[in-house]
file model-v4.pdb (PDB, C-alpha atoms, pLDDT in the B column)
MODEL        1
ATOM      1  CA  MET J   1     145.056  98.286 -10.788  1.00 91.00           C
ATOM      2  CA  GLN J   2     144.138  98.884 -14.431  1.00 92.00           C
ATOM      3  CA  LYS J   3     141.086 100.901 -13.341  1.00 94.00           C
ATOM      4  CA  VAL J   4     143.305 103.247 -11.317  1.00 94.00           C
ATOM      5  CA  PHE J   5     145.580 103.819 -14.301  1.00 94.00           C
ATOM      6  CA  ASN J   6     142.592 104.428 -16.567  1.00 95.00           C
ATOM      7  CA  ALA J   7     141.122 106.922 -14.090  1.00 95.00           C
ATOM      8  CA  LEU J   8     144.464 108.728 -13.856  1.00 96.00           C
ATOM      9  CA  SER J   9     144.780 108.902 -17.645  1.00 96.00           C
ATOM     10  CA  VAL J  10     141.243 110.303 -17.969  1.00 96.00           C
ATOM     11  CA  ALA J  11     141.980 112.873 -15.259  1.00 97.00           C
ATOM     12  CA  SER J  12     145.201 113.810 -17.037  1.00 97.00           C
ATOM     13  CA  PHE J  13     143.372 114.217 -20.348  1.00 96.00           C
ATOM     14  CA  VAL J  14     140.693 116.399 -18.720  1.00 97.00           C
ATOM     15  CA  MET J  15     143.318 118.611 -17.036  1.00 97.00           C
ATOM     16  CA  SER J  16     145.298 118.973 -20.279  1.00 97.00           C
ATOM     17  CA  GLY J  17     142.160 119.874 -22.200  1.00 97.00           C
ATOM     18  CA  GLY J  18     141.198 122.391 -19.537  1.00 96.00           C
ATOM     19  CA  MET J  19     144.631 124.008 -19.738  1.00 97.00           C
ATOM     20  CA  VAL J  20     144.392 124.282 -23.535  1.00 96.00           C
ATOM     21  CA  ILE J  21     140.894 125.754 -23.414  1.00 96.00           C
ATOM     22  CA  GLY J  22     141.875 128.179 -20.642  1.00 93.00           C
ATOM     23  CA  SER J  23     144.972 129.291 -22.539  1.00 94.00           C
ATOM     24  CA  VAL J  24     143.021 129.901 -25.741  1.00 94.00           C
ATOM     25  CA  MET J  25     140.343 131.881 -23.910  1.00 92.00           C
ATOM     26  CA  LEU J  26     142.927 134.013 -22.112  1.00 90.00           C
ATOM     27  CA  TYR J  27     144.871 134.610 -25.329  1.00 91.00           C
ATOM     28  CA  THR J  28     141.758 135.798 -27.164  1.00 92.00           C
ATOM     29  CA  ARG J  29     140.787 138.168 -24.347  1.00 91.00           C
ATOM     30  CA  ILE J  30     144.201 139.741 -23.730  1.00 89.00           C
ATOM     31  CA  PRO J  31     143.600 142.778 -26.008  1.00 88.00           C
ATOM     32  CA  SER J  32     140.318 143.700 -24.318  1.00 89.00           C
ATOM     33  CA  LEU J  33     141.758 143.119 -20.857  1.00 87.00           C
ATOM     34  CA  THR J  34     144.783 145.328 -21.500  1.00 91.00           C
ATOM     35  CA  LYS J  35     142.608 148.049 -23.047  1.00 93.00           C
ATOM     36  CA  TYR J  36     140.346 147.991 -19.977  1.00 92.00           C
ATOM     37  CA  TYR J  37     143.212 148.156 -17.486  1.00 92.00           C
ATOM     38  CA  ILE J  38     145.004 150.914 -19.399  1.00 94.00           C
ATOM     39  CA  SER J  39     141.854 153.061 -19.496  1.00 94.00           C
ATOM     40  CA  GLU J  40     141.291 152.502 -15.780  1.00 94.00           C
ATOM     41  CA  LEU J  41     144.909 153.420 -15.058  1.00 94.00           C
ATOM     42  CA  LYS J  42     144.671 156.623 -17.138  1.00 94.00           C
ATOM     43  CA  LEU J  43     141.497 157.643 -15.324  1.00 93.00           C
ATOM     44  CA  GLU J  44     143.034 157.006 -11.922  1.00 93.00           C
ATOM     45  CA  LEU J  45     146.234 158.885 -12.776  1.00 91.00           C
ATOM     46  CA  THR J  46     144.258 161.852 -14.087  1.00 88.00           C
ATOM     47  CA  GLU J  47     142.237 162.029 -10.880  1.00 87.00           C
ATOM     48  CA  LEU J  48     145.375 161.803  -8.747  1.00 86.00           C
ATOM     49  CA  MET J  49     147.083 164.576 -10.706  1.00 83.00           C
ATOM     50  CA  LEU J  50     144.065 166.861 -10.457  1.00 80.00           C
ATOM     51  CA  GLU J  51     143.864 166.313  -6.701  1.00 81.00           C
ATOM     52  CA  ALA J  52     147.579 166.898  -6.194  1.00 77.00           C
ATOM     53  CA  MET J  53     148.074 169.993  -8.327  1.00 77.00           C
ATOM     54  CA  PRO J  54     145.108 172.428  -8.169  1.00 75.00           C
ATOM     55  CA  LYS J  55     147.093 175.059  -6.279  1.00 73.00           C
ATOM     56  CA  GLN J  56     150.032 174.953  -8.710  1.00 75.00           C
ATOM     57  CA  ILE J  57     147.674 175.211 -11.679  1.00 74.00           C
ATOM     58  CA  GLU J  58     145.919 178.246 -10.206  1.00 75.00           C
ATOM     59  CA  GLU J  59     149.255 179.936  -9.427  1.00 78.00           C
ATOM     60  CA  ALA J  60     150.529 179.382 -12.968  1.00 79.00           C
ATOM     61  CA  MET J  61     147.469 180.930 -14.623  1.00 78.00           C
ATOM     62  CA  PRO J  62     147.900 184.670 -15.306  1.00 80.00           C
ATOM     63  CA  GLU J  63     145.283 187.166 -14.186  1.00 82.00           C
ATOM     64  CA  LEU J  64     142.815 188.211 -16.843  1.00 81.00           C
ATOM     65  CA  PRO J  65     142.921 191.916 -17.721  1.00 78.00           C
ATOM     66  CA  THR J  66     140.011 194.055 -16.551  1.00 82.00           C
ATOM     67  CA  SER J  67     140.314 196.544 -19.428  1.00 79.00           C
ATOM     68  CA  THR J  68     141.913 196.624 -22.822  1.00 79.00           C
ATOM     69  CA  GLY J  69     143.768 199.313 -24.691  1.00 75.00           C
ATOM     70  CA  PRO J  70     143.002 200.822 -28.063  1.00 78.00           C
ATOM     71  CA  ALA J  71     143.207 198.796 -31.247  1.00 77.00           C
ATOM     72  CA  VAL J  72     146.622 198.419 -32.863  1.00 78.00           C
ATOM     73  CA  PRO J  73     146.907 200.889 -35.751  1.00 78.00           C
ATOM     74  CA  PHE J  74     147.923 199.605 -39.161  1.00 78.00           C
ATOM     75  CA  LYS J  75     148.861 201.437 -42.359  1.00 78.00           C
ATOM     76  CA  LEU J  76     147.047 200.956 -45.620  1.00 75.00           C
ATOM     77  CA  PRO J  77     149.309 200.624 -48.675  1.00 68.00           C
TER      78      PRO J  77
ENDMDL
END
call {"tool": "encode", "arguments": {"input": "model-v4.pdb", "output": "structure tokens"}}
result
Amino acid sequence: MQKVFNALSVASFVMSGGMVIGSVMLYTRIPSLTKYYISELKLELTELMLEAMPKQIEEAMPELPTSTGPAVPFKLP
């Protein structure tokens, strides 16, 4: 019976150590993970907006003039 208890205590120690190591690794990688996911999200949102709004963007742009008038006169002091 003592061998079973010893095996269970070793398994418990290994699982606790694994949890600590996993938590430390995740904690140290959180900044890079969030930066990666935010950049991916920005890229995806930009693509979605460009696909959804090309007609509205073209309608909002004014027509370029084909000719220009004379220069604006100014007075010398």
call {"tool": "atom_distance", "arguments": {"input": "model-v4.pdb", "atom1": "atom CA of Leu45 of chain J", "atom2": "atom CA of Pro31 of chain J"}}
result
21.0 Å
call {"tool": "atom_distance", "arguments": {"input": "model-v4.pdb", "atom1": "atom CA of Thr28 of chain J", "atom2": "atom CA of Thr46 of chain J"}}
result
29.3 Å
call {"tool": "atom_distance", "arguments": {"input": "model-v4.pdb", "atom1": "atom CA of Met15 of chain J", "atom2": "atom CA of Ile30 of chain J"}}
result
22.2 Å
call {"tool": "decode", "arguments": {"input": "model-v4.pdb", "residues": "chain J", "atoms": "C-alpha atoms", "output": "PDB file, in the first residue's frame"}}
result
ATOM      1  CA  MET J   1       0.000   0.000   0.000  1.00  0.00           C
ATOM      2  CA  GLN J   2       2.932   2.316   0.712  1.00  0.00           C
ATOM      3  CA  LYS J   3       4.111   1.951  -2.900  1.00  0.00           C
ATOM      4  CA  VAL J   4       0.730   3.165  -4.173  1.00  0.00           C
ATOM      5  CA  PHE J   5       0.881   6.224  -1.930  1.00  0.00           C
ATOM      6  CA  ASN J   6       4.447   6.950  -3.020  1.00  0.00           C
ATOM      7  CA  ALA J   7       3.470   6.646  -6.690  1.00  0.00           C
ATOM      8  CA  LEU J   8       0.519   8.987  -6.146  1.00  0.00           C
ATOM      9  CA  SER J   9       2.712  11.546  -4.376  1.00  0.00           C
ATOM     10  CA  VAL J  10       5.279  11.438  -7.199  1.00  0.00           C
ATOM     11  CA  ALA J  11       2.508  11.848  -9.776  1.00  0.00           C
ATOM     12  CA  SER J  12       1.109  14.768  -7.793  1.00  0.00           C
ATOM     13  CA  PHE J  13       4.534  16.416  -7.615  1.00  0.00           C
ATOM     14  CA  VAL J  14       5.059  15.972 -11.372  1.00  0.00           C
ATOM     15  CA  MET J  15       1.622  17.449 -12.169  1.00  0.00           C
ATOM     16  CA  SER J  16       2.197  20.411  -9.831  1.00  0.00           C
ATOM     17  CA  GLY J  17       5.597  21.076 -11.364  1.00  0.00           C
ATOM     18  CA  GLY J  18       4.120  20.860 -14.846  1.00  0.00           C
ATOM     19  CA  MET J  19       1.419  23.367 -13.923  1.00  0.00           C
ATOM     20  CA  VAL J  20       4.008  25.799 -12.533  1.00  0.00           C
ATOM     21  CA  ILE J  21       6.246  25.483 -15.585  1.00  0.00           C
ATOM     22  CA  GLY J  22       3.279  25.843 -17.951  1.00  0.00           C
ATOM     23  CA  SER J  23       2.018  28.913 -16.106  1.00  0.00           C
ATOM     24  CA  VAL J  24       5.425  30.592 -16.185  1.00  0.00           C
ATOM     25  CA  MET J  25       5.854  29.883 -19.895  1.00  0.00           C
ATOM     26  CA  LEU J  26       2.390  31.218 -20.711  1.00  0.00           C
ATOM     27  CA  TYR J  27       2.931  34.316 -18.568  1.00  0.00           C
ATOM     28  CA  THR J  28       6.205  35.139 -20.322  1.00  0.00           C
ATOM     29  CA  ARG J  29       4.661  34.721 -23.778  1.00  0.00           C
ATOM     30  CA  ILE J  30       1.451  36.691 -23.205  1.00  0.00           C
ATOM     31  CA  PRO J  31       2.818  39.997 -24.609  1.00  0.00           C
ATOM     32  CA  SER J  32       3.977  38.412 -27.868  1.00  0.00           C
ATOM     33  CA  LEU J  33       0.775  36.410 -28.215  1.00  0.00           C
ATOM     34  CA  THR J  34      -1.446  39.455 -27.732  1.00  0.00           C
ATOM     35  CA  LYS J  35       0.667  41.518 -30.140  1.00  0.00           C
ATOM     36  CA  TYR J  36       0.357  38.772 -32.769  1.00  0.00           C
ATOM     37  CA  TYR J  37      -3.406  38.406 -32.384  1.00  0.00           C
ATOM     38  CA  ILE J  38      -3.993  42.165 -32.404  1.00  0.00           C
ATOM     39  CA  SER J  39      -1.995  42.583 -35.625  1.00  0.00           C
ATOM     40  CA  GLU J  40      -3.887  39.709 -37.237  1.00  0.00           C
ATOM     41  CA  LEU J  41      -7.197  41.229 -36.145  1.00  0.00           C
ATOM     42  CA  LYS J  42      -6.257  44.663 -37.548  1.00  0.00           C
ATOM     43  CA  LEU J  43      -5.274  43.110 -40.868  1.00  0.00           C
ATOM     44  CA  GLU J  44      -8.501  41.139 -41.095  1.00  0.00           C
ATOM     45  CA  LEU J  45     -10.654  44.146 -40.190  1.00  0.00           C
ATOM     46  CA  THR J  46      -8.886  46.310 -42.762  1.00  0.00           C
ATOM     47  CA  GLU J  47      -9.505  43.733 -45.478  1.00  0.00           C
ATOM     48  CA  LEU J  48     -13.166  43.411 -44.507  1.00  0.00           C
ATOM     49  CA  MET J  49     -13.664  47.179 -44.565  1.00  0.00           C
ATOM     50  CA  LEU J  50     -12.013  47.529 -47.962  1.00  0.00           C
ATOM     51  CA  GLU J  51     -14.201  44.770 -49.395  1.00  0.00           C
ATOM     52  CA  ALA J  52     -17.382  46.223 -47.921  1.00  0.00           C
ATOM     53  CA  MET J  53     -16.929  49.882 -48.809  1.00  0.00           C
ATOM     54  CA  PRO J  54     -15.285  50.411 -52.240  1.00  0.00           C
ATOM     55  CA  LYS J  55     -18.459  51.822 -53.781  1.00  0.00           C
ATOM     56  CA  GLN J  56     -19.034  54.308 -50.945  1.00  0.00           C
ATOM     57  CA  ILE J  57     -15.413  55.448 -51.118  1.00  0.00           C
ATOM     58  CA  GLU J  58     -15.626  56.035 -54.869  1.00  0.00           C
ATOM     59  CA  GLU J  59     -18.906  57.959 -54.495  1.00  0.00           C
ATOM     60  CA  ALA J  60     -17.448  60.204 -51.792  1.00  0.00           C
ATOM     61  CA  MET J  61     -14.397  61.189 -53.845  1.00  0.00           C
ATOM     62  CA  PRO J  62     -14.956  64.387 -55.870  1.00  0.00           C
ATOM     63  CA  GLU J  63     -14.205  64.497 -59.579  1.00  0.00           C
ATOM     64  CA  LEU J  64     -10.849  65.958 -60.498  1.00  0.00           C
ATOM     65  CA  PRO J  65     -11.035  69.134 -62.594  1.00  0.00           C
ATOM     66  CA  THR J  66     -10.035  68.857 -66.246  1.00  0.00           C
ATOM     67  CA  SER J  67      -8.847  72.475 -66.490  1.00  0.00           C
ATOM     68  CA  THR J  68      -7.842  75.193 -64.106  1.00  0.00           C
ATOM     69  CA  GLY J  69      -8.492  78.900 -64.064  1.00  0.00           C
ATOM     70  CA  PRO J  70      -6.013  81.745 -64.014  1.00  0.00           C
ATOM     71  CA  ALA J  71      -3.729  82.350 -61.065  1.00  0.00           C
ATOM     72  CA  VAL J  72      -5.136  84.320 -58.140  1.00  0.00           C
ATOM     73  CA  PRO J  73      -3.925  87.926 -58.376  1.00  0.00           C
ATOM     74  CA  PHE J  74      -2.229  89.485 -55.375  1.00  0.00           C
ATOM     75  CA  LYS J  75      -1.182  93.070 -54.662  1.00  0.00           C
ATOM     76  CA  LEU J  76       2.361  94.070 -53.886  1.00  0.00           C
ATOM     77  CA  PRO J  77       2.732  96.533 -50.995  1.00  0.00           C
TER      78      PRO J  77
END
